[in-house]
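Raw input_0.cif, mmCIF, C-alpha atoms:
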data_structure
loop_
_atom_site.group_PDB
_atom_site.id
_atom_site.type_symbol
_atom_site.label_atom_id
_atom_site.label_comp_id
_atom_site.auth_asym_id
_atom_site.auth_seq_id
_atom_site.Cartn_x
_atom_site.Cartn_y
_atom_site.Cartn_z
ATOM 1 C CA MET P 268 -28.056 212.663 55.829
ATOM 2 C CA LYS P 269 -31.576 212.322 54.476
ATOM 3 C CA GLY P 270 -32.114 209.333 52.205
ATOM 4 C CA VAL P 271 -28.957 207.510 53.344
ATOM 5 C CA GLU P 272 -29.369 204.567 55.684
ATOM 6 C CA ALA P 273 -26.522 203.958 58.101
ATOM 7 C CA VAL P 274 -25.114 200.450 58.066
ATOM 8 C CA PRO P 275 -25.432 198.821 61.519
ATOM 9 C CA SER P 276 -22.004 198.221 63.049
ATOM 10 C CA GLU P 277 -22.716 194.495 63.489
ATOM 11 C CA ARG P 278 -23.716 194.087 59.834
ATOM 12 C CA LYS P 279 -20.789 196.245 58.684
ATOM 13 C CA SER P 280 -18.361 194.045 60.624
ATOM 14 C CA LYS P 281 -19.803 190.931 59.009
ATOM 15 C CA VAL P 282 -19.492 192.424 55.507
ATOM 16 C CA GLU P 283 -15.911 193.539 56.149
ATOM 17 C CA SER P 284 -14.907 190.117 57.481
ATOM 18 C CA THR P 285 -16.333 188.499 54.321
ATOM 19 C CA LEU P 286 -14.369 190.903 52.101
ATOM 20 C CA VAL P 287 -11.180 190.296 54.077
ATOM 21 C CA ARG P 288 -11.673 186.538 53.792
ATOM 22 C CA TYR P 289 -11.985 186.734 50.009
ATOM 23 C CA MET P 290 -9.190 189.257 49.546
ATOM 24 C CA LYS P 291 -6.565 187.928 51.938
ATOM 25 C CA ASN P 292 -4.914 185.723 49.302
ATOM 26 C CA ALA P 293 -5.385 188.158 46.434
ATOM 27 C CA SER P 294 -2.296 189.371 44.622
ATOM 28 C CA VAL P 295 -1.748 192.803 43.143
ATOM 29 C CA PRO P 296 -3.203 192.726 39.612
ATOM 30 C CA ILE P 297 -0.720 192.768 36.751
ATOM 31 C CA ASN P 298 -1.622 194.939 33.790
ATOM 32 C CA ILE P 299 -1.275 192.215 31.198
ATOM 33 C CA TYR P 300 -3.091 194.401 28.680
ATOM 34 C CA GLU P 301 0.023 196.561 28.299
ATOM 35 C CA PHE P 302 1.962 193.468 27.220
ATOM 36 C CA VAL P 303 -0.793 192.433 24.810
ATOM 37 C CA ASP P 304 -0.800 195.938 23.307
ATOM 38 C CA ARG P 305 2.968 195.859 22.884
ATOM 39 C CA VAL P 306 3.122 192.501 21.118
ATOM 40 C CA HIS P 307 0.054 193.416 19.084
ATOM 41 C CA ASN P 308 1.985 196.442 17.811
ATOM 42 C CA ILE P 309 4.935 194.185 16.936
ATOM 43 C CA LEU P 310 2.657 191.849 14.986
ATOM 44 C CA TYR P 311 0.930 194.717 13.189
ATOM 45 C CA LYS P 312 4.205 196.415 12.291
ATOM 46 C CA LYS P 313 6.042 193.245 11.219
ATOM 47 C CA GLU P 314 3.213 191.106 9.856
ATOM 48 C CA GLY P 315 0.367 193.526 9.177
ATOM 49 C CA ALA P 316 -1.746 191.348 11.492
ATOM 50 C CA GLY P 317 -4.486 192.596 13.786
ATOM 51 C CA GLY P 318 -7.459 191.174 15.681
ATOM 52 C CA LEU P 319 -7.961 187.438 15.212
ATOM 53 C CA ASP P 320 -5.026 187.163 12.774
ATOM 54 C CA ALA P 321 -2.710 188.590 15.424
ATOM 55 C CA ALA P 322 -4.189 186.293 18.073
ATOM 56 C CA LYS P 323 -3.501 183.256 15.872
ATOM 57 C CA ARG P 324 0.179 184.240 15.805
ATOM 58 C CA LEU P 325 0.517 185.059 19.492
ATOM 59 C CA LEU P 326 -1.630 182.271 20.974
ATOM 60 C CA PRO P 327 0.699 179.341 20.140
ATOM 61 C CA ILE P 328 3.778 181.257 21.298
ATOM 62 C CA ILE P 329 2.268 182.131 24.674
ATOM 63 C CA GLY P 330 0.609 178.717 24.991
ATOM 64 C CA TYR P 331 3.873 176.891 24.362
ATOM 65 C CA VAL P 332 5.819 179.012 26.868
ATOM 66 C CA ILE P 333 3.129 178.400 29.512
ATOM 67 C CA LYS P 334 3.136 174.651 28.833
ATOM 68 C CA LYS P 335 6.938 174.322 29.022
ATOM 69 C CA ALA P 336 7.193 176.495 32.137
ATOM 70 C CA ARG P 337 4.551 174.457 33.966
ATOM 71 C CA GLU P 338 6.271 171.210 33.045
ATOM 72 C CA GLN P 339 9.525 172.490 34.555
ATOM 73 C CA GLY P 340 8.220 173.831 37.854
ATOM 74 C CA GLY P 341 5.974 176.774 37.044
ATOM 75 C CA THR P 342 7.954 179.777 38.313
ATOM 76 C CA GLU P 343 8.907 183.111 36.780
ATOM 77 C CA GLN P 344 12.542 181.947 36.667
ATOM 78 C CA VAL P 345 11.510 178.916 34.626
ATOM 79 C CA VAL P 346 9.667 181.183 32.164
ATOM 80 C CA VAL P 347 12.903 183.134 31.641
ATOM 81 C CA SER P 348 14.849 179.907 31.149
ATOM 82 C CA VAL P 349 12.329 178.599 28.578
ATOM 83 C CA VAL P 350 12.372 181.870 26.638
ATOM 84 C CA LYS P 351 16.171 182.116 26.664
ATOM 85 C CA ASP P 352 16.399 178.599 25.275
ATOM 86 C CA MET P 353 13.962 179.476 22.495
ATOM 87 C CA LEU P 354 15.939 182.616 21.650
ATOM 88 C CA LYS P 355 19.085 180.561 21.023
ATOM 89 C CA ASP P 356 17.508 179.279 17.808
ATOM 90 C CA VAL P 357 14.188 180.907 16.917
ATOM 91 C CA ARG P 358 13.823 178.852 13.743
ATOM 92 C CA ARG P 359 14.036 175.645 15.772
ATOM 93 C CA ALA P 360 11.624 177.104 18.321
ATOM 94 C CA ARG P 361 9.107 177.886 15.577
ATOM 95 C CA ASP P 362 9.422 174.729 13.473
ATOM 96 C CA GLN P 363 10.286 172.054 16.036
ATOM 97 C CA GLU P 364 8.556 173.296 19.181
ATOM 98 C CA ILE P 365 5.631 175.675 18.601
ATOM 99 C CA ILE P 366 4.132 174.043 15.485
ATOM 100 C CA PRO P 367 4.344 170.479 16.939
ATOM 101 C CA PHE P 368 2.697 171.847 20.096
ATOM 102 C CA ILE P 369 -0.305 173.045 18.070
ATOM 103 C CA MET P 370 -0.500 169.757 16.168
ATOM 104 C CA MET P 371 -0.431 167.909 19.497
ATOM 105 C CA LEU P 372 -3.439 169.943 20.661
ATOM 106 C CA SER P 373 -5.226 169.098 17.428
ATOM 107 C CA SER P 374 -4.693 165.376 18.006
ATOM 108 C CA HIS P 375 -6.639 165.621 21.280
ATOM 109 C CA VAL P 376 -9.873 166.956 19.777
ATOM 110 C CA SER P 377 -12.549 165.372 17.609
ATOM 111 C CA ASP P 378 -14.567 168.494 16.777
ATOM 112 C CA GLU P 379 -13.835 169.318 13.123
ATOM 113 C CA ALA P 380 -14.321 173.069 13.631
ATOM 114 C CA VAL P 381 -11.696 173.108 16.403
ATOM 115 C CA LYS P 382 -9.327 170.975 14.325
ATOM 116 C CA LYS P 383 -9.736 173.383 11.410
ATOM 117 C CA PHE P 384 -9.040 176.359 13.687
ATOM 118 C CA LEU P 385 -5.884 174.720 15.062
ATOM 119 C CA GLN P 386 -4.727 173.831 11.554
ATOM 120 C CA SER P 387 -5.148 177.469 10.512
ATOM 121 C CA ILE P 388 -3.015 178.482 13.502
ATOM 122 C CA ALA P 389 -0.289 176.003 12.510
ATOM 123 C CA ASP P 390 -0.337 177.330 8.926
ATOM 124 C CA THR P 391 -0.095 180.903 10.219
ATOM 125 C CA ILE P 392 2.865 180.079 12.445
ATOM 126 C CA ARG P 393 4.694 178.426 9.540
ATOM 127 C CA GLY P 394 4.712 181.826 7.845
ATOM 128 C CA LEU P 395 5.634 183.804 10.986
ATOM 129 C CA GLY P 396 8.767 185.905 10.528
ATOM 130 C CA LEU P 397 11.705 184.859 12.691
ATOM 131 C CA THR P 398 12.457 188.467 13.669
ATOM 132 C CA THR P 399 8.813 188.829 14.789
ATOM 133 C CA LEU P 400 9.091 185.755 17.002
ATOM 134 C CA GLU P 401 12.403 187.002 18.383
ATOM 135 C CA GLU P 402 10.935 190.404 19.348
ATOM 136 C CA ILE P 403 7.949 188.787 21.087
ATOM 137 C CA LEU P 404 10.199 186.427 23.076
ATOM 138 C CA LYS P 405 12.499 189.311 24.072
ATOM 139 C CA THR P 406 9.447 191.261 25.287
ATOM 140 C CA ILE P 407 8.660 188.359 27.621
ATOM 141 C CA GLU P 408 12.291 187.992 28.688
ATOM 142 C CA GLU P 409 12.605 191.659 29.649
ATOM 143 C CA ASN P 410 9.329 192.008 31.602
ATOM 144 C CA THR P 411 9.123 190.418 35.062
ATOM 145 C CA ASP P 412 5.416 191.269 35.375
ATOM 146 C CA VAL P 413 4.696 189.341 32.199
ATOM 147 C CA GLN P 414 6.708 186.377 33.484
ATOM 148 C CA LYS P 415 4.557 186.346 36.618
ATOM 149 C CA ALA P 416 1.381 186.715 34.562
ATOM 150 C CA LEU P 417 2.187 183.716 32.393
ATOM 151 C CA ILE P 418 2.314 181.514 35.500
ATOM 152 C CA HIS P 419 -0.269 183.069 37.812
ATOM 153 C CA TYR P 420 -2.741 184.788 35.509
ATOM 154 C CA ASP P 421 -5.278 184.080 32.787
ATOM 155 C CA THR P 422 -2.966 185.443 30.110
ATOM 156 C CA LEU P 423 -4.646 183.715 27.189
ATOM 157 C CA GLY P 424 -8.035 185.036 28.272
ATOM 158 C CA SER P 425 -6.643 188.564 28.327
ATOM 159 C CA LEU P 426 -5.143 188.001 24.896
ATOM 160 C CA PHE P 427 -8.516 186.937 23.500
ATOM 161 C CA GLU P 428 -10.376 189.728 25.263
ATOM 162 C CA LYS P 429 -8.021 192.404 23.944
ATOM 163 C CA MET P 430 -7.066 191.145 20.489
ATOM 164 C CA VAL P 431 -10.171 189.270 19.379
ATOM 165 C CA TYR P 432 -12.537 191.959 20.657
ATOM 166 C CA GLU P 433 -12.257 194.105 17.539
ATOM 167 C CA ALA P 434 -12.907 191.110 15.309
ATOM 168 C CA PHE P 435 -16.097 190.095 17.095
ATOM 169 C CA LYS P 436 -17.509 193.059 18.998
ATOM 170 C CA GLY P 437 -21.217 193.404 18.488
ATOM 171 C CA GLY P 438 -21.316 191.079 15.494
ATOM 172 C CA ALA P 439 -24.387 188.840 15.748
ATOM 173 C CA GLY P 440 -24.291 189.141 19.529
ATOM 174 C CA GLN P 441 -20.623 188.189 19.925
ATOM 175 C CA TYR P 442 -19.056 189.852 22.974
ATOM 176 C CA LEU P 443 -16.183 188.940 25.272
ATOM 177 C CA THR P 444 -16.942 189.770 28.903
ATOM 178 C CA HIS P 445 -14.392 191.889 30.761
ATOM 179 C CA ARG P 446 -12.336 189.962 33.313
ATOM 180 C CA ASN P 447 -13.589 192.040 36.280
ATOM 181 C CA LEU P 448 -17.191 191.042 35.557
ATOM 182 C CA VAL P 449 -16.178 187.405 35.153
ATOM 183 C CA ILE P 450 -14.350 187.435 38.489
ATOM 184 C CA ALA P 451 -17.298 189.170 40.196
ATOM 185 C CA MET P 452 -19.709 186.483 38.910
ATOM 186 C CA ARG P 453 -17.344 183.756 40.073
ATOM 187 C CA GLU P 454 -17.059 185.228 43.575
ATOM 188 C CA ILE P 455 -20.830 185.651 43.893
ATOM 189 C CA ALA P 456 -21.442 182.036 42.853
ATOM 190 C CA TRP P 457 -18.658 180.715 45.102
ATOM 191 C CA ALA P 458 -19.921 182.674 48.122
ATOM 192 C CA GLN P 459 -23.496 181.474 47.519
ATOM 193 C CA PHE P 460 -22.411 177.836 47.511
ATOM 194 C CA GLU P 461 -20.479 178.331 50.747
ATOM 195 C CA ALA P 462 -23.447 180.126 52.338
ATOM 196 C CA GLU P 463 -25.617 177.099 51.532
ATOM 197 C CA GLY P 464 -23.042 174.688 52.950
ATOM 198 C CA ILE P 465 -22.109 173.289 49.530
ATOM 199 C CA SER P 466 -18.453 172.734 48.709
ATOM 200 C CA PRO P 467 -17.647 174.489 45.402
ATOM 201 C CA ILE P 468 -15.365 171.578 44.489
ATOM 202 C CA ASN P 469 -18.428 169.326 44.097
ATOM 203 C CA VAL P 470 -20.644 171.491 41.869
ATOM 204 C CA LYS P 471 -21.042 171.287 38.086
ATOM 205 C CA VAL P 472 -20.242 174.600 36.409
ATOM 206 C CA TYR P 473 -21.953 175.519 33.140
ATOM 207 C CA ASP P 474 -21.348 178.644 31.053
ATOM 208 C CA PRO P 475 -24.105 178.993 28.413
ATOM 209 C CA CYS P 476 -22.166 181.588 26.372
ATOM 210 C CA ALA P 477 -18.565 180.386 26.584
ATOM 211 C CA GLY P 478 -16.806 183.122 24.605
ATOM 212 C CA SER P 479 -13.148 182.407 25.350
ATOM 213 C CA ALA P 480 -14.059 180.186 28.365
ATOM 214 C CA ARG P 481 -12.799 182.738 30.878
ATOM 215 C CA PHE P 482 -15.442 181.858 33.450
ATOM 216 C CA LEU P 483 -14.202 178.267 33.377
ATOM 217 C CA THR P 484 -10.509 179.240 33.534
ATOM 218 C CA PHE P 485 -11.141 181.672 36.392
ATOM 219 C CA TRP P 486 -13.130 178.969 38.188
ATOM 220 C CA LEU P 487 -10.149 176.632 37.780
ATOM 221 C CA GLU P 488 -7.879 179.350 39.127
ATOM 222 C CA LYS P 489 -10.042 179.576 42.269
ATOM 223 C CA ILE P 490 -10.095 175.781 42.613
ATOM 224 C CA VAL P 491 -6.305 175.571 42.482
ATOM 225 C CA LYS P 492 -5.854 178.389 45.030
ATOM 226 C CA THR P 493 -8.417 176.923 47.438
ATOM 227 C CA PHE P 494 -7.533 173.263 46.953
ATOM 228 C CA PRO P 495 -3.744 173.137 46.305
ATOM 229 C CA GLU P 496 -3.807 169.388 45.583
ATOM 230 C CA TYR P 497 -5.428 170.226 42.240
ATOM 231 C CA ARG P 498 -2.220 171.861 41.039
ATOM 232 C CA GLU P 499 -1.199 168.406 39.874
ATOM 233 C CA PRO P 500 -1.949 168.526 36.092
ATOM 234 C CA SER P 501 -3.703 165.159 35.753
ATOM 235 C CA LYS P 502 -5.925 165.872 38.758
ATOM 236 C CA LEU P 503 -6.848 169.303 37.420
ATOM 237 C CA ARG P 504 -7.624 167.812 34.001
ATOM 238 C CA ASP P 505 -9.796 165.121 35.571
ATOM 239 C CA TYR P 506 -11.671 167.758 37.586
ATOM 240 C CA ALA P 507 -12.227 169.941 34.503
ATOM 241 C CA GLU P 508 -13.574 167.095 32.409
ATOM 242 C CA LYS P 509 -16.049 166.044 35.110
ATOM 243 C CA HIS P 510 -17.220 169.422 36.405
ATOM 244 C CA LEU P 511 -16.856 172.158 33.764
ATOM 245 C CA PHE P 512 -19.220 172.584 30.816
ATOM 246 C CA ALA P 513 -19.945 175.308 28.268
ATOM 247 C CA THR P 514 -21.792 176.062 25.059
ATOM 248 C CA ASP P 515 -21.595 178.795 22.453
ATOM 249 C CA LEU P 516 -23.479 179.467 19.232
ATOM 250 C CA PHE P 517 -20.450 180.388 17.119
ATOM 251 C CA GLU P 518 -17.813 177.995 15.780
ATOM 252 C CA GLU P 519 -15.061 180.596 16.226
ATOM 253 C CA MET P 520 -15.884 180.941 19.918
ATOM 254 C CA ILE P 521 -16.020 177.172 20.409
ATOM 255 C CA SER P 522 -12.566 176.925 18.848
ATOM 256 C CA ILE P 523 -11.120 179.765 20.920
ATOM 257 C CA SER P 524 -12.614 178.515 24.198
ATOM 258 C CA SER P 525 -11.499 174.952 23.453
ATOM 259 C CA VAL P 526 -7.901 176.027 22.846
ATOM 260 C CA ASN P 527 -7.926 178.135 26.012
ATOM 261 C CA MET P 528 -9.239 175.236 28.090
ATOM 262 C CA MET P 529 -6.838 172.716 26.537
ATOM 263 C CA ILE P 530 -3.886 174.841 27.574
ATOM 264 C CA TYR P 531 -5.291 175.895 30.944
ATOM 265 C CA GLY P 532 -7.282 172.907 32.163
ATOM 266 C CA ASN P 533 -7.989 170.490 29.307
ATOM 267 C CA GLY P 534 -11.744 170.818 29.583
ATOM 268 C CA VAL P 535 -12.182 170.921 25.821
ATOM 269 C CA LEU P 536 -14.350 167.782 25.696
ATOM 270 C CA ASN P 537 -17.150 169.615 27.505
ATOM 271 C CA ILE P 538 -17.508 172.641 25.209
ATOM 272 C CA PHE P 539 -20.268 172.289 22.624
ATOM 273 C CA ARG P 540 -21.888 174.330 19.903
ATOM 274 C CA ALA P 541 -25.461 175.237 20.889
ATOM 275 C CA ASP P 542 -27.729 178.261 21.238
ATOM 276 C CA ALA P 543 -28.506 178.601 24.933
ATOM 277 C CA THR P 544 -31.105 181.349 24.252
ATOM 278 C CA ASN P 545 -33.549 179.345 22.152
ATOM 279 C CA HIS P 546 -36.202 176.880 23.312
ATOM 280 C CA PHE P 547 -36.817 175.166 19.989
ATOM 281 C CA GLY P 548 -33.784 172.909 19.754
ATOM 282 C CA PRO P 549 -32.684 171.958 16.217
ATOM 283 C CA ILE P 550 -35.737 173.635 14.635
ATOM 284 C CA VAL P 551 -34.007 177.017 14.886
ATOM 285 C CA ASN P 552 -31.008 175.697 12.939
ATOM 286 C CA LEU P 553 -32.587 175.716 9.486
ATOM 287 C CA LYS P 554 -29.524 174.348 7.734
ATOM 288 C CA ALA P 555 -29.299 171.358 10.074
ATOM 289 C CA SER P 556 -33.068 170.803 9.860
ATOM 290 C CA LYS P 557 -32.971 170.859 6.034
ATOM 291 C CA GLU P 558 -30.126 168.329 5.969
ATOM 292 C CA PHE P 559 -31.961 166.089 8.420
ATOM 293 C CA LEU P 560 -35.250 166.194 6.466
ATOM 294 C CA GLU P 561 -33.545 165.482 3.139
ATOM 295 C CA SER P 562 -31.742 162.539 4.677
ATOM 296 C CA PHE P 563 -34.949 161.340 6.341
ATOM 297 C CA ARG P 564 -36.885 161.495 3.071
ATOM 298 C CA GLU P 565 -34.273 159.373 1.326
ATOM 299 C CA LYS P 566 -34.405 156.737 4.056
ATOM 300 C CA TRP P 567 -38.145 156.826 4.723
ATOM 301 C CA SER P 568 -39.011 153.822 2.496
ATOM 302 C CA ASN P 569 -36.604 151.566 4.387
ATOM 303 C CA ILE P 570 -37.758 152.936 7.731
ATOM 304 C CA ARG P 571 -41.436 152.363 6.839
ATOM 305 C CA ARG P 572 -40.687 148.807 5.651
ATOM 306 C CA GLY P 573 -38.900 148.156 8.941
ATOM 307 C CA ILE P 574 -41.864 149.451 10.923
ATOM 308 C CA ARG P 575 -44.250 147.161 9.003
ATOM 309 C CA THR P 576 -41.992 144.167 9.579
ATOM 310 C CA THR P 577 -41.782 144.918 13.288
ATOM 311 C CA SER P 578 -45.566 145.368 13.522
ATOM 312 C CA THR P 579 -46.154 142.018 11.806
ATOM 313 C CA ILE P 580 -43.859 140.245 14.199
ATOM 314 C CA VAL P 581 -45.594 141.805 17.176
ATOM 315 C CA VAL P 582 -49.039 140.829 15.907
ATOM 316 C CA GLU P 583 -47.971 137.282 15.182
ATOM 317 C CA GLY P 584 -46.437 137.053 18.631
ATOM 318 C CA LEU P 585 -49.808 137.891 20.189
#
Before we go any further, please render this structure as structure tokens.
Amino acid sequence: MKGVEAVPSERKSKVESTLVRYMKNASVPINIYEFVDRVHNILYKKEGAGGLDAAKRLLPIIGYVIKKAREQGGTEQVVVSVVKDMLKDVRRARDQEIIPFIMMLSSHVSDEAVKKFLQSIADTIRGLGLTTLEEILKTIEENTDVQKALIHYDTLGSLFEKMVYEAFKGGAGQYLTHRNLVIAMREIAWAQFEAEGISPINVKVYDPCAGSARFLTFWLEKIVKTFPEYREPSKLRDYAEKHLFATDLFEEMISISSVNMMIYGNGVLNIFRADATNHFGPIVNLKASKEFLESFREKWSNIRRGIRTTSTIVVEGL
């Protein structure tokens, strides 16, 4: 056919072998978005909550179930056991398990914006209806695909992508990248490192526009699958803190990505607020610049006196 170049059989074989190598351990994707839609409808019907408000209610529930399931072996059966135990007394689950879990996360961060975000989540959960919590837990209990997703899938990232999207889409450049694009970027980067003879376990990974930190969580997922020894929580946390970094311009995104990383890989210490698109540093942040200049003006007399004193000492020393 005119205009279509046939792929040489040798090259085609090489491409196919590469695809097979990357796909051989892949599992059939689970449509976690159906679950997110279902619980979103529960939250909207019962609580009148949508978007970020709904995410604040669902995030600690899902995060706590994931945490408990991982602590007890990390299987779908364990997820069912954890949920059944919570259903025995949903008030206890809300007040004595989920809220303390959020406060524990807050104790591990120093960033005031993230602390404030976590506090708002704890306050939201305190007002969560018990029947709402019960329906969400039963939805998990009845769905085997969801149980698998909570253990083997970036469930929190999907939650943010689906539920927070409406709250942030297009506003001041705030977008959450679809998971398929994130995975494609990860595979391209991973393959490039391997092609250059560099082990991906040794590289530093930086995401300039963190969003919900899905690139970092998907990178961790690949690390764990390729290097099984990193399934051990403390080893994975140590790896994340030394190798994964991210920035974002918006406080809300820093908070969301920090929470996601704390639950998934505890890389929160390496997520910072910064504008990766500007080349003028703090000058572009007019509020911060104004505060700095006002503070500098107030202290200038002391600074100038100190400079004179230092200069005198230097001269006398000569």
(message) I'd like the interatomic distance between CA of Glu454 in chain P and CA of Tyr300 in chain P, to a tenth of an Å.
(response) 22.4 Å
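The two atoms in question, CA of Lys323 in chain P and CA of Ile388 in chain P, are spaced 5.4 Å apart.
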(request) Name the residues that the PyMOL selection byres ((chain P and resi 302-308) around 8) picks from the file above, as a list in words, using the file's chain letters and numbers. (result) Asn298, Ile299, Tyr300, Glu301, Ile309, Leu310, Tyr311, Lys312, Gly317, Ala321, Ile403, Thr406, Val413, Ser425, Leu426, Lys429 and Met430 of chain P
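Nearest residue to Leu326 in chain P among P:Pro495, P:Ile523, P:Ile468, P:Glu409 is P:Ile523, counting all atoms listed in the file.
The gap separating CA of Asn527 in chain P from CA of Ala380 in chain P is 14.8 Å, in Å to one decimal.
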(message) I'd like to see the residues matched by the PyMOL selection byres ((chain P and resi 514) around 9) on this file, and ideally I'd get them as number ranges by chain.
(response) P: 473-478, 512-513, 515-516, 521, 537-543
(request) Using all atoms listed in the file, determine which residues lie at most 12 Å from Ile328 in chain P, disregarding the query and same-chain residues fewer than 4 positions distant; provide the list as a count of residues only. (result) 39
(message) So that I can check the surroundings of Gly424 in chain P, please list as a PyMOL selection string every protein, DNA and RNA residue that reaches within 9 Å of it, counting all atoms listed in the file and ignoring chain neighbours fewer than 2 positions away.
(response) chain P and resi 420-422+426-429+446+479-481+484+524+527
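Distance check against Asp505 in chain P using all atoms listed in the file: of P:Ile418, P:Leu372, P:Met520, P:Val535, the minimum falls on P:Val535.
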(request) Translate the PyMOL selection byres ((chain P and resi 382) around 12), as applied to the file shown, into an explicit residue set as an NGL selection string. (result) :P and (369-381 or 383-389 or 518-519 or 521-523 or 525-526 or 535)
Export of the given selection (C-alpha atoms) as a PDB file, in the coordinates of the input:
ATOM      1  CA  ILE P 369      -0.305 173.045  18.070  1.00  0.00           C
ATOM      2  CA  MET P 370      -0.500 169.757  16.168  1.00  0.00           C
ATOM      3  CA  MET P 371      -0.431 167.909  19.497  1.00  0.00           C
ATOM      4  CA  LEU P 372      -3.439 169.943  20.661  1.00  0.00           C
ATOM      5  CA  SER P 373      -5.226 169.098  17.428  1.00  0.00           C
ATOM      6  CA  SER P 374      -4.693 165.376  18.006  1.00  0.00           C
ATOM      7  CA  HIS P 375      -6.639 165.621  21.280  1.00  0.00           C
ATOM      8  CA  VAL P 376      -9.873 166.956  19.777  1.00  0.00           C
ATOM      9  CA  SER P 377     -12.549 165.372  17.609  1.00  0.00           C
ATOM     10  CA  ASP P 378     -14.567 168.494  16.777  1.00  0.00           C
ATOM     11  CA  GLU P 379     -13.835 169.318  13.123  1.00  0.00           C
ATOM     12  CA  ALA P 380     -14.321 173.069  13.631  1.00  0.00           C
ATOM     13  CA  VAL P 381     -11.696 173.108  16.403  1.00  0.00           C
ATOM     14  CA  LYS P 383      -9.736 173.383  11.410  1.00  0.00           C
ATOM     15  CA  PHE P 384      -9.040 176.359  13.687  1.00  0.00           C
ATOM     16  CA  LEU P 385      -5.884 174.720  15.062  1.00  0.00           C
ATOM     17  CA  GLN P 386      -4.727 173.831  11.554  1.00  0.00           C
ATOM     18  CA  SER P 387      -5.148 177.469  10.512  1.00  0.00           C
ATOM     19  CA  ILE P 388      -3.015 178.482  13.502  1.00  0.00           C
ATOM     20  CA  ALA P 389      -0.289 176.003  12.510  1.00  0.00           C
ATOM     21  CA  GLU P 518     -17.813 177.995  15.780  1.00  0.00           C
ATOM     22  CA  GLU P 519     -15.061 180.596  16.226  1.00  0.00           C
ATOM     23  CA  ILE P 521     -16.020 177.172  20.409  1.00  0.00           C
ATOM     24  CA  SER P 522     -12.566 176.925  18.848  1.00  0.00           C
ATOM     25  CA  ILE P 523     -11.120 179.765  20.920  1.00  0.00           C
ATOM     26  CA  SER P 525     -11.499 174.952  23.453  1.00  0.00           C
ATOM     27  CA  VAL P 526      -7.901 176.027  22.846  1.00  0.00           C
ATOM     28  CA  VAL P 535     -12.182 170.921  25.821  1.00  0.00           C
TER      29      VAL P 535
END
As JSON, please: the centre and edge lengths in Å, to one decimal, of an axis-aligned box enclosing every listed atom of range 335-343 of chain P with 5 Å added on each side.
{"center_x": 7.0, "center_y": 177.2, "center_z": 33.7, "size_x": 15.0, "size_y": 21.9, "size_z": 19.3}
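Nearest to Arg393 in chain P of all the residues P:Thr411, P:Lys405, P:Lys471, P:Gln363 is P:Gln363, based on all atoms listed in the file.
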(request) Please provide the set of residues having any atom within 8 Å of Arg453 in chain P, restricted to all atoms listed in the file, with same-chain residues fewer than 2 positions apart removed, written as a PyMOL selection string. (result) chain P and resi 449-451+455-457+482+485-486
